[in-house]
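Visitor: Before I ask anything, here is the structure I am working with.
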Amino acid sequence: MRNFLAMMNKELHNLFVSPIAYVLVGVFFALTGYFFYMILVNVIEFTMQQVFQAQQFGTSTPPFDASAAVMRGFFSVLSTLLLFLVPVMTMGVLAEEKKRGTIELLLTSPLTHLQLILGKFAALVVLLLVMLVPTMFNSLLLYFLSEPAPPLATMMVGYLGAFLLGGALLATGLFVSSLTENQIVAAVITFGVFIVLWVIDATAGTGTTLTSETIRYLSILNHYDDFTKGVLDSQHLVFYLSFIFLGLFLTSVSLDSSNWRQ
Amino acid sequence: MIQVEHLTKRYGSHTAVEDVSFEVRKGEILGFLGPNGAGKTTTMRILSGFFPATEGRAVVAGFDVFKQPLEVKRRVGYLPENPPLYGEMSVNAYLRFVANIKGVDRAQVGSRLEEVKIRCGLGEEGPRLIKQLSKGYRQRVGLAQALIHDPEILILDEPTIGLDPRQIIEVRELIKSLAGNHTVILSTHILPEVSMTCQRVIIINNGKIVAVDTPENLTGQLAGGETIELEIGGSVDNIVALLEEIPDVKSVSVGEPRKDHSPVLVETEGAKTVRHLIAQKVIGSGLELYQLRTRSISLEEVFVQLTTEEEAKEEAVEGKVE
């Protein structure tokens with residue numbers, strides 16, 4: 001536990017002492033704020049149009065949950081931003097240790113790989129929370145000001161989804177970072193992997209064969225949709241948790257292999 | 001304290017270390033000497049648990065490096081060739097982090113921190129960022145890092161590299177002061193360093209151990225005789241014949257005469273010195289003896305001799321195969 005905490009603190013120190021964390025968080029806040037506003041404006045315009053049309057033709061307005069639409073739009077923006085920003089969060093985490101040779105200190109200290117990897121992963125999760133939690137301000141605005149207010153539970157499920165998606169992406173990025181000692185290479189490969197995981201369901205088509213269903217299952221954003229609708233499905237929970245586990249496990253395997261230590 | 005048996009490390013087809021065996025006793029300072037790329041770093045990395053060997057066994061402080069790595073790592077302080085530092089951390093924060101992951105007792109972290117800072121001459125540098133320190137000070141932080149958990153065994157890879165002469169002396173003194181309580185392995189490619197700090201030397205070349213002995217024995221053994229420089233005044237025409245009468249004199253050569261005296265070089269063999277006989281002979285024959293001194297063979301010469309001998313042997317073997 002102590003090793004894990006020491007590792008996490010050091011990692012947080014490194015993250016927050018470099019400008020990267022501040023730039024990341026700043027860009028993330030600016031973009032989430034901007035997109036939240038745009039989505040809100042669009043949805044309001046759309047609703048107004050509907051009401052206007054209904055009045056003109058004397059029909060009733062179709063049922064439309066405006067606040068849910070805003071939240072869904074916002075959560076989908078969050079996921080896209082995470083796909084772009086996570087590679088920057090994870091790129092240096094292990095690659096930089098190798099480049100500087102500090103990995104020699106870590107691997108010759110009485111630390112288990114589990115403590116090392118979990119410590120680093122925990123620090124990244126803290127950074128993820130630093131990014132996600134303040135955006136709840138936007139959602140709370142909607143909660144207090146819109147009529148009817150979106151159910152709080154729905155919003156929380158959406159955030160849980162964003163958090164799990166972020167965790168899965170971080171674990172993947174951590175693994176890629178363990179493969180190289182060049183940060184840029186790590187970031188580019190991580191981003192490439194994310195894009196593949198993102199669009200992979202397009203290659204699967206709509207077939208019902210085992211292969212296409214498996215491929216669809218692997219698509220990392222497919223599992224996210226239900227969360228944005230406020231649906232908590234254990235199937236998706238399991239998907240993300242096993243994704244995180246796999247990422248961390250592969251990182252450990254990569255640290256074990258001595259091929260790169262030359 | 002350290003037993004190494006038939007250690008071999010291969011990277012693909014390249015063999016970095018081949019069948020290396022040696023032992024280090026408690027409290028001893030052992031020097032690893034060899035040209036760059038000889039396998040010093042590889043051996044040290046194996047002993048510190050950084051990576052496993054391809055073959056062989058290493059027992060450090062009573063624990064097998066490959067079977068109980070955590071126990072070994074608790075007892076070993078390791079300074080890699082490039083000190084493993086985080087530039088944006090302060091010296092204090094860095095040493096505290098290392099103390100934590102090395103398992104220093106929580107209550108003692110503060111006192112250990114102060115102690116290693118004083119020991120390594122970092123008393124005032126605590127709050128400074130590591131990236132602002134000079135190369136010499138970074139090396140000291142690296143040493144402090146290796147000492148923080150008061151390990152029984154220290155493995156230092158080129159501890160004096162990149163330091164200025166005064167700092168080199170300080171680091172050597174520090175290492176010497178560690179002997180007795182700590183067992184130290186240090187690597188270097190600087191020969192005088194070994195004769196100054198180490199009690200025993202392992203000369204390693206191309207991944208193989210070429211010689212193991214004390215620095216004194218190594219220089220003595222290889223010489224197997226003396227080289228004596230004389231300066232003689234007067235006619236040296238028959239000096240060669242005269243000196244070759246002395247038993248054990250192998251060769252005599254006369255150099256270019258300077259003004260009123262000529263340099264003469266005498267090589268002898270055998271363990272007994274014949275310097276007094278040479279002096280008697282020279283004076284007895286009416287010549288003037290200005291100077292008589294032995295030229296001691298330096299570790300450098302031993303080193304070159306050993307490493308080239310090895311290559312010559314190898315070539316001979318290869319020749320036979322063909």
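In the structure tokens, the first chain shown is A, the next is B, and so on; residue numbers restart at 1 for each chain, and ligands run from 1 in the order shown.
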Need to verify the contact set: segment 158-167 of chain A, 9 Å, only C-alpha atoms, exclusion of same-chain residues closer than 4 positions in sequence. Can you return it as a PyMOL selection string?

Guide: chain A and resi 71-72+75-76+78-79+82-83+86+121+124-125+128-129+132-133+136+153-154+171-172+220-221+223-232+236-237+240-241+243-244

Visitor: For chain B, list the residues within 9 Å of chain A, counting only C-alpha atoms, and write the list as a ChimeraX atom specification.

Guide: /B:11,42,45,48-52,69-74,76-80,82-86,88-89,93-94,97-98,100-103

Visitor: With C-alpha atoms retained, export the selected residues as an mmCIF file, in the first residue's frame.

Guide:
data_model
loop_
_atom_site.group_PDB
_atom_site.id
_atom_site.type_symbol
_atom_site.label_atom_id
_atom_site.label_comp_id
_atom_site.auth_asym_id
_atom_site.auth_seq_id
_atom_site.Cartn_x
_atom_site.Cartn_y
_atom_site.Cartn_z
ATOM 1 C CA TYR B 11 20.654 -10.352 -26.374
ATOM 2 C CA THR B 42 25.186 -5.889 -17.809
ATOM 3 C CA ARG B 45 22.163 -4.868 -13.814
ATOM 4 C CA SER B 48 20.698 -5.463 -8.938
ATOM 5 C CA GLY B 49 17.703 -7.371 -10.267
ATOM 6 C CA PHE B 50 17.043 -5.047 -13.191
ATOM 7 C CA PHE B 51 16.910 -7.910 -15.643
ATOM 8 C CA PRO B 52 17.415 -11.652 -15.444
ATOM 9 C CA PRO B 69 14.237 -10.449 -6.198
ATOM 10 C CA LEU B 70 12.385 -8.282 -3.668
ATOM 11 C CA GLU B 71 14.571 -9.487 -0.785
ATOM 12 C CA VAL B 72 17.672 -8.731 -2.823
ATOM 13 C CA LYS B 73 16.399 -5.312 -3.885
ATOM 14 C CA ARG B 74 15.768 -4.376 -0.251
ATOM 15 C CA VAL B 76 21.057 -3.494 -2.523
ATOM 16 C CA GLY B 77 21.718 0.143 -3.320
ATOM 17 C CA TYR B 78 22.260 0.633 -7.013
ATOM 18 C CA LEU B 79 23.629 3.610 -8.857
ATOM 19 C CA PRO B 80 23.206 3.115 -12.606
ATOM 20 C CA ASN B 82 23.132 7.543 -15.615
ATOM 21 C CA PRO B 83 21.812 8.541 -12.207
ATOM 22 C CA PRO B 84 18.047 7.864 -12.253
ATOM 23 C CA LEU B 85 16.771 11.340 -11.359
ATOM 24 C CA TYR B 86 13.533 13.242 -11.850
ATOM 25 C CA GLU B 88 11.528 18.537 -11.811
ATOM 26 C CA MET B 89 11.619 17.148 -8.274
ATOM 27 C CA ALA B 93 11.196 15.199 -2.529
ATOM 28 C CA TYR B 94 13.199 12.830 -4.679
ATOM 29 C CA PHE B 97 10.242 9.146 -2.716
ATOM 30 C CA VAL B 98 13.184 6.768 -3.047
ATOM 31 C CA ASN B 100 9.498 5.216 0.502
ATOM 32 C CA ILE B 101 9.812 2.793 -2.372
ATOM 33 C CA LYS B 102 12.956 1.257 -0.868
ATOM 34 C CA GLY B 103 11.020 0.518 2.281
#

Visitor: If you run DSSP on the backbone, which residues of segment 139-191 of chain B are helix (DSSP H, G or I), as number ranges by chain?

Guide: B: 139-147, 165-178, 191

Visitor: Give me a file of those residues, with N, CA and C atoms, as a short mmCIF file (atom, residue, chain, number, x, y, z; two decimals), in the first residue's frame.

Guide:
data_model
loop_
_atom_site.label_atom_id
_atom_site.label_comp_id
_atom_site.auth_asym_id
_atom_site.auth_seq_id
_atom_site.Cartn_x
_atom_site.Cartn_y
_atom_site.Cartn_z
N GLN B 139 25.32 13.62 -9.64
CA GLN B 139 25.96 12.34 -9.32
C GLN B 139 25.87 12.08 -7.81
N ARG B 140 26.03 13.14 -7.03
CA ARG B 140 25.92 12.97 -5.57
C ARG B 140 24.51 12.58 -5.17
N VAL B 141 23.52 13.18 -5.83
CA VAL B 141 22.14 12.80 -5.52
C VAL B 141 21.93 11.33 -5.87
N GLY B 142 22.55 10.92 -6.99
CA GLY B 142 22.48 9.51 -7.38
C GLY B 142 23.07 8.62 -6.30
N LEU B 143 24.20 9.02 -5.76
CA LEU B 143 24.83 8.23 -4.69
C LEU B 143 23.95 8.24 -3.44
N ALA B 144 23.40 9.41 -3.11
CA ALA B 144 22.54 9.52 -1.94
C ALA B 144 21.35 8.58 -2.07
N GLN B 145 20.82 8.51 -3.29
CA GLN B 145 19.70 7.63 -3.59
C GLN B 145 20.06 6.17 -3.31
N ALA B 146 21.30 5.79 -3.68
CA ALA B 146 21.73 4.41 -3.49
C ALA B 146 21.95 4.09 -2.01
N LEU B 147 22.24 5.13 -1.22
CA LEU B 147 22.58 4.91 0.18
C LEU B 147 21.39 5.04 1.13
N PRO B 165 38.08 16.75 -10.88
CA PRO B 165 39.07 16.01 -10.07
C PRO B 165 38.80 16.08 -8.56
N ARG B 166 38.37 17.24 -8.09
CA ARG B 166 38.16 17.37 -6.65
C ARG B 166 36.96 16.49 -6.22
N GLN B 167 35.93 16.52 -7.03
CA GLN B 167 34.74 15.70 -6.72
C GLN B 167 35.08 14.22 -6.78
N ILE B 168 35.95 13.86 -7.75
CA ILE B 168 36.33 12.46 -7.87
C ILE B 168 36.97 11.99 -6.57
N ILE B 169 37.87 12.83 -6.05
CA ILE B 169 38.55 12.46 -4.79
C ILE B 169 37.52 12.31 -3.68
N GLU B 170 36.56 13.23 -3.62
CA GLU B 170 35.54 13.17 -2.57
C GLU B 170 34.73 11.88 -2.65
N VAL B 171 34.33 11.55 -3.89
CA VAL B 171 33.51 10.34 -4.07
C VAL B 171 34.33 9.10 -3.69
N ARG B 172 35.60 9.08 -4.08
CA ARG B 172 36.44 7.93 -3.73
C ARG B 172 36.57 7.79 -2.22
N GLU B 173 36.74 8.93 -1.55
CA GLU B 173 36.85 8.88 -0.08
C GLU B 173 35.55 8.33 0.51
N LEU B 174 34.44 8.82 -0.06
CA LEU B 174 33.14 8.36 0.42
C LEU B 174 33.01 6.84 0.27
N ILE B 175 33.41 6.35 -0.90
CA ILE B 175 33.30 4.91 -1.14
C ILE B 175 34.19 4.14 -0.18
N LYS B 176 35.42 4.65 0.02
CA LYS B 176 36.33 3.97 0.95
C LYS B 176 35.74 3.93 2.35
N SER B 177 35.08 5.03 2.74
CA SER B 177 34.52 5.09 4.09
C SER B 177 33.36 4.10 4.25
N LEU B 178 32.84 3.62 3.13
CA LEU B 178 31.72 2.68 3.21
C LEU B 178 32.20 1.25 3.44
N LEU B 191 41.84 3.20 -14.61
CA LEU B 191 42.65 2.26 -13.84
C LEU B 191 43.10 2.77 -12.48
#

Visitor: Quick one: residues within 10 Å of segment 197-207 of chain B, only C-alpha atoms, excluding same-chain residues fewer than 3 positions away - as a PDB file with C-alpha atoms, in the first residue's frame?

Guide:
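To be explicit, this is the file written out as part-v8.pdb:
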ATOM      1  CA  THR B   8      25.574 -15.553 -19.060  1.00  0.00           C
ATOM      2  CA  LYS B   9      23.490 -12.850 -20.698  1.00  0.00           C
ATOM      3  CA  THR B  15      26.528 -12.309 -25.909  1.00  0.00           C
ATOM      4  CA  ALA B  16      27.100  -9.479 -23.459  1.00  0.00           C
ATOM      5  CA  VAL B  17      28.371 -11.579 -20.557  1.00  0.00           C
ATOM      6  CA  GLU B  18      29.656 -15.111 -20.853  1.00  0.00           C
ATOM      7  CA  ASP B  19      30.119 -17.623 -18.045  1.00  0.00           C
ATOM      8  CA  VAL B  20      31.120 -15.129 -15.385  1.00  0.00           C
ATOM      9  CA  PHE B  22      33.135 -14.619  -8.880  1.00  0.00           C
ATOM     10  CA  VAL B  24      32.611 -10.888  -3.068  1.00  0.00           C
ATOM     11  CA  GLU B  28      35.024  -5.755   0.599  1.00  0.00           C
ATOM     12  CA  ILE B  29      35.335  -3.227  -2.228  1.00  0.00           C
ATOM     13  CA  LEU B  30      35.503  -4.996  -5.542  1.00  0.00           C
ATOM     14  CA  GLY B  31      36.432  -3.178  -8.717  1.00  0.00           C
ATOM     15  CA  PHE B  32      35.080  -4.149 -12.092  1.00  0.00           C
ATOM     16  CA  LEU B  33      37.504  -3.045 -14.696  1.00  0.00           C
ATOM     17  CA  GLY B  34      37.087  -3.226 -18.401  1.00  0.00           C
ATOM     18  CA  PRO B  35      36.824  -1.215 -21.580  1.00  0.00           C
ATOM     19  CA  ASN B  36      33.469   0.233 -22.560  1.00  0.00           C
ATOM     20  CA  GLY B  37      31.104  -2.483 -23.677  1.00  0.00           C
ATOM     21  CA  ALA B  38      32.954  -5.236 -21.839  1.00  0.00           C
ATOM     22  CA  GLY B  39      29.876  -6.335 -19.897  1.00  0.00           C
ATOM     23  CA  LYS B  40      30.325  -4.411 -16.648  1.00  0.00           C
ATOM     24  CA  THR B  42      25.186  -5.889 -17.809  1.00  0.00           C
ATOM     25  CA  THR B  43      26.645  -7.822 -14.879  1.00  0.00           C
ATOM     26  CA  ARG B 172      36.443   7.934  -3.734  1.00  0.00           C
ATOM     27  CA  GLU B 173      36.845   8.880  -0.085  1.00  0.00           C
ATOM     28  CA  LEU B 174      33.136   8.362   0.417  1.00  0.00           C
ATOM     29  CA  ILE B 175      33.300   4.913  -1.139  1.00  0.00           C
ATOM     30  CA  LYS B 176      36.327   3.971   0.949  1.00  0.00           C
ATOM     31  CA  SER B 177      34.523   5.085   4.088  1.00  0.00           C
ATOM     32  CA  ALA B 179      33.956  -0.392   3.184  1.00  0.00           C
ATOM     33  CA  VAL B 184      30.742  -2.489  -2.584  1.00  0.00           C
ATOM     34  CA  ILE B 185      31.015  -3.403  -6.242  1.00  0.00           C
ATOM     35  CA  LEU B 186      32.051  -0.555  -8.467  1.00  0.00           C
ATOM     36  CA  SER B 187      32.814  -0.476 -12.133  1.00  0.00           C
ATOM     37  CA  HIS B 189      37.323   2.048 -16.947  1.00  0.00           C
ATOM     38  CA  PRO B 192      44.095   4.417 -11.054  1.00  0.00           C
ATOM     39  CA  GLU B 193      40.648   4.496  -9.510  1.00  0.00           C
ATOM     40  CA  VAL B 194      40.768   0.775  -8.994  1.00  0.00           C
ATOM     41  CA  VAL B 210      40.264 -12.113 -17.702  1.00  0.00           C
ATOM     42  CA  ALA B 211      41.783 -11.812 -14.236  1.00  0.00           C
ATOM     43  CA  VAL B 212      40.785 -11.592 -10.584  1.00  0.00           C
ATOM     44  CA  ASP B 213      43.241 -10.416  -7.947  1.00  0.00           C
ATOM     45  CA  THR B 214      44.353  -7.557  -5.749  1.00  0.00           C
ATOM     46  CA  PRO B 215      45.670  -4.541  -7.653  1.00  0.00           C
ATOM     47  CA  GLU B 216      49.185  -5.146  -6.206  1.00  0.00           C
ATOM     48  CA  ASN B 217      49.292  -8.799  -7.137  1.00  0.00           C
ATOM     49  CA  LEU B 218      48.039  -8.106 -10.603  1.00  0.00           C
ATOM     50  CA  VAL B 302      48.653  -5.032 -17.074  1.00  0.00           C
ATOM     51  CA  PHE B 303      45.272  -4.249 -18.454  1.00  0.00           C
ATOM     52  CA  LEU B 306      45.716  -9.010 -20.392  1.00  0.00           C
ATOM     53  CA  THR B 307      43.114  -7.835 -22.830  1.00  0.00           C
ATOM     54  CA  THR B 308      45.373  -8.175 -25.845  1.00  0.00           C
ATOM     55  CA  GLU B 310      43.070 -12.720 -24.609  1.00  0.00           C
ATOM     56  CA  GLU B 311      42.482 -11.572 -28.146  1.00  0.00           C
TER      57      GLU B 311
END

Visitor: Given only C-alpha atoms as the basis, pick out the residue of A:Thr251, A:Tyr37, A:Met1, A:Ile184 nearest to Gly119 of chain A.

Guide: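 Once distances to Gly119 of chain A are computed over only C-alpha atoms, the minimum belongs to A:Met1.
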
Visitor: Can you tell me, as an NGL selection string, which residues in segment 41-142 of chain B count as strand (DSSP E or B) by DSSP?

Guide: :B and (55-60 or 63-64 or 76-79 or 90 or 129)

Visitor: Report, in Å with one decimal, the straight-line distance from atom CA of Ser195 of chain B to atom CA of Arg138 of chain B.

Guide: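 Atom-to-atom, atom CA of Ser195 of chain B to atom CA of Arg138 of chain B, that is 25.3 Å.
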
Visitor: So how far away is atom CA of Ala279 of chain B from atom CA of Glu226 of chain B, in Å?

Guide: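 One can read the atom CA of Glu226 of chain B to atom CA of Ala279 of chain B distance as 14.7 Å.
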
Visitor: For the atom pair atom CA of Phe84 of chain A and atom CA of Phe191 of chain A, what is the interatomic distance in Å to one decimal place?

Guide: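 These atoms are spaced 7.0 Å apart.
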
Visitor: Excluding Tyr143 of chain A and any residue of its chain fewer than 2 positions from it, enumerate the residues within 12 Å of it, using only C-alpha atoms, and give them as a list of chain:residue names.

Guide: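 Within the cut-off, the hits are A:Ala66, A:Ser67, A:Ala68, A:Val70, A:Met71, A:Met136, A:Phe137, A:Asn138, A:Ser139, A:Leu140, A:Leu141, A:Leu145, A:Ser146, A:Glu147, A:Pro148, A:Ala149, A:Pro150, A:Pro151, A:Leu152, A:Ala153, A:Thr154, A:Met155, A:Met156.
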
Visitor: Output N, CA, C and O atoms of each residue in that selection to a file, as a compact mmCIF listing (two decimals), in the first residue's frame.

Guide:
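Result file follows (result.txt):
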# COMPACT_ATOMS: atom_id res chain seq x y z
N ALA A 66 -35.97 17.66 -24.11
CA ALA A 66 -34.87 18.55 -24.49
C ALA A 66 -33.64 18.36 -23.60
O ALA A 66 -32.51 18.26 -24.08
N SER A 67 -33.85 18.30 -22.29
CA SER A 67 -32.68 18.21 -21.41
C SER A 67 -31.94 16.89 -21.60
O SER A 67 -30.72 16.85 -21.56
N ALA A 68 -32.67 15.81 -21.86
CA ALA A 68 -32.01 14.53 -22.13
C ALA A 68 -31.18 14.62 -23.40
O ALA A 68 -30.07 14.09 -23.48
N VAL A 70 -29.78 17.29 -24.62
CA VAL A 70 -28.57 18.06 -24.32
C VAL A 70 -27.54 17.17 -23.64
O VAL A 70 -26.36 17.15 -24.00
N MET A 71 -27.97 16.41 -22.64
CA MET A 71 -27.03 15.57 -21.90
C MET A 71 -26.40 14.52 -22.81
O MET A 71 -25.20 14.27 -22.74
N MET A 136 -19.24 18.78 -14.34
CA MET A 136 -20.57 18.51 -13.77
C MET A 136 -21.30 19.83 -13.51
O MET A 136 -22.51 19.86 -13.39
N PHE A 137 -20.53 20.89 -13.44
CA PHE A 137 -21.15 22.21 -13.26
C PHE A 137 -22.16 22.47 -14.37
O PHE A 137 -23.28 22.91 -14.11
N ASN A 138 -21.76 22.16 -15.61
CA ASN A 138 -22.66 22.34 -16.76
C ASN A 138 -23.95 21.57 -16.55
O ASN A 138 -25.05 22.10 -16.74
N SER A 139 -23.78 20.32 -16.17
CA SER A 139 -24.95 19.46 -16.04
C SER A 139 -25.84 19.92 -14.88
O SER A 139 -27.06 19.88 -14.99
N LEU A 140 -25.18 20.38 -13.82
CA LEU A 140 -25.98 20.84 -12.67
C LEU A 140 -26.78 22.09 -13.05
O LEU A 140 -27.90 22.28 -12.60
N LEU A 141 -26.19 22.91 -13.91
CA LEU A 141 -26.89 24.09 -14.41
C LEU A 141 -28.20 23.65 -15.05
O LEU A 141 -29.27 24.22 -14.79
N LEU A 145 -31.92 24.55 -13.75
CA LEU A 145 -32.60 25.60 -14.51
C LEU A 145 -33.62 25.07 -15.52
O LEU A 145 -34.48 25.82 -15.96
N SER A 146 -33.49 23.79 -15.93
CA SER A 146 -34.42 23.34 -16.96
C SER A 146 -35.69 22.81 -16.33
O SER A 146 -35.72 22.39 -15.18
N GLU A 147 -36.72 22.83 -17.17
CA GLU A 147 -38.04 22.43 -16.69
C GLU A 147 -38.67 21.51 -17.71
O GLU A 147 -38.94 21.94 -18.83
N PRO A 148 -38.85 20.23 -17.54
CA PRO A 148 -38.57 19.52 -16.30
C PRO A 148 -37.08 19.21 -16.18
O PRO A 148 -36.41 19.05 -17.20
N ALA A 149 -36.57 19.06 -14.98
CA ALA A 149 -35.15 18.76 -14.77
C ALA A 149 -34.87 17.32 -15.16
O ALA A 149 -35.71 16.45 -14.94
N PRO A 150 -33.71 17.09 -15.80
CA PRO A 150 -33.36 15.68 -16.08
C PRO A 150 -33.08 14.96 -14.76
O PRO A 150 -32.57 15.57 -13.83
N PRO A 151 -33.45 13.68 -14.69
CA PRO A 151 -33.22 12.97 -13.43
C PRO A 151 -31.72 12.91 -13.11
O PRO A 151 -30.90 12.67 -14.00
N LEU A 152 -31.41 13.15 -11.87
CA LEU A 152 -30.02 13.19 -11.43
C LEU A 152 -29.33 11.85 -11.69
O LEU A 152 -28.17 11.80 -12.11
N ALA A 153 -30.08 10.76 -11.46
CA ALA A 153 -29.50 9.43 -11.63
C ALA A 153 -29.02 9.22 -13.06
O ALA A 153 -27.94 8.68 -13.30
N THR A 154 -29.82 9.72 -14.02
CA THR A 154 -29.46 9.57 -15.43
C THR A 154 -28.12 10.25 -15.71
O THR A 154 -27.25 9.71 -16.39
N MET A 155 -27.99 11.45 -15.15
CA MET A 155 -26.75 12.19 -15.34
C MET A 155 -25.57 11.45 -14.72
O MET A 155 -24.49 11.37 -15.31
N MET A 156 -25.79 10.91 -13.55
CA MET A 156 -24.70 10.21 -12.86
C MET A 156 -24.27 8.97 -13.63
O MET A 156 -23.07 8.67 -13.72

Visitor: Given the choices B:Gly162, B:Gly284, B:Val4, B:Glu267, which gets closest to Val65 of chain B if the distance is worked out from only C-alpha atoms?

Guide: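 Under the stated criterion, the closest residue is B:Val4.
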
Visitor: At a cut-off of 9 Å, using only C-alpha atoms, what residues contact Ala99 of chain B? Leave out same-chain residues fewer than 6 positions from it and give the result as a list in words.

Guide: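 Non-adjacent residues within range: Asp105, Arg106, Val109, Arg112, Leu113, Gln145, Ile148 and His149 of chain B.
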
Visitor: Store the residues of this selection in a file with N, CA and C atoms, as an mmCIF file, in the first residue's frame.

Guide:
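Okay, this is what ended up in result_35.cif:
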data_model
loop_
_atom_site.group_PDB
_atom_site.id
_atom_site.type_symbol
_atom_site.label_atom_id
_atom_site.label_comp_id
_atom_site.auth_asym_id
_atom_site.auth_seq_id
_atom_site.Cartn_x
_atom_site.Cartn_y
_atom_site.Cartn_z
ATOM 1 N N ASP B 105 12.013 2.557 7.022
ATOM 2 C CA ASP B 105 11.026 2.668 8.082
ATOM 3 C C ASP B 105 10.475 4.098 8.119
ATOM 4 N N ARG B 106 9.137 4.207 8.163
ATOM 5 C CA ARG B 106 8.490 5.512 8.036
ATOM 6 C C ARG B 106 9.043 6.547 9.018
ATOM 7 N N VAL B 109 12.569 7.990 7.907
ATOM 8 C CA VAL B 109 12.792 8.618 6.607
ATOM 9 C C VAL B 109 13.506 9.961 6.771
ATOM 10 N N ARG B 112 17.205 9.530 7.920
ATOM 11 C CA ARG B 112 18.020 8.961 6.840
ATOM 12 C C ARG B 112 18.300 10.018 5.779
ATOM 13 N N LEU B 113 17.274 10.810 5.501
ATOM 14 C CA LEU B 113 17.391 11.859 4.496
ATOM 15 C C LEU B 113 18.520 12.813 4.867
ATOM 16 N N GLN B 145 20.824 8.506 -3.286
ATOM 17 C CA GLN B 145 19.699 7.631 -3.586
ATOM 18 C C GLN B 145 20.057 6.169 -3.314
ATOM 19 N N ILE B 148 20.277 5.558 0.622
ATOM 20 C CA ILE B 148 19.216 6.027 1.513
ATOM 21 C C ILE B 148 18.665 4.929 2.423
ATOM 22 N N HIS B 149 18.611 3.698 1.937
ATOM 23 C CA HIS B 149 18.056 2.648 2.792
ATOM 24 C C HIS B 149 19.161 1.859 3.505
#
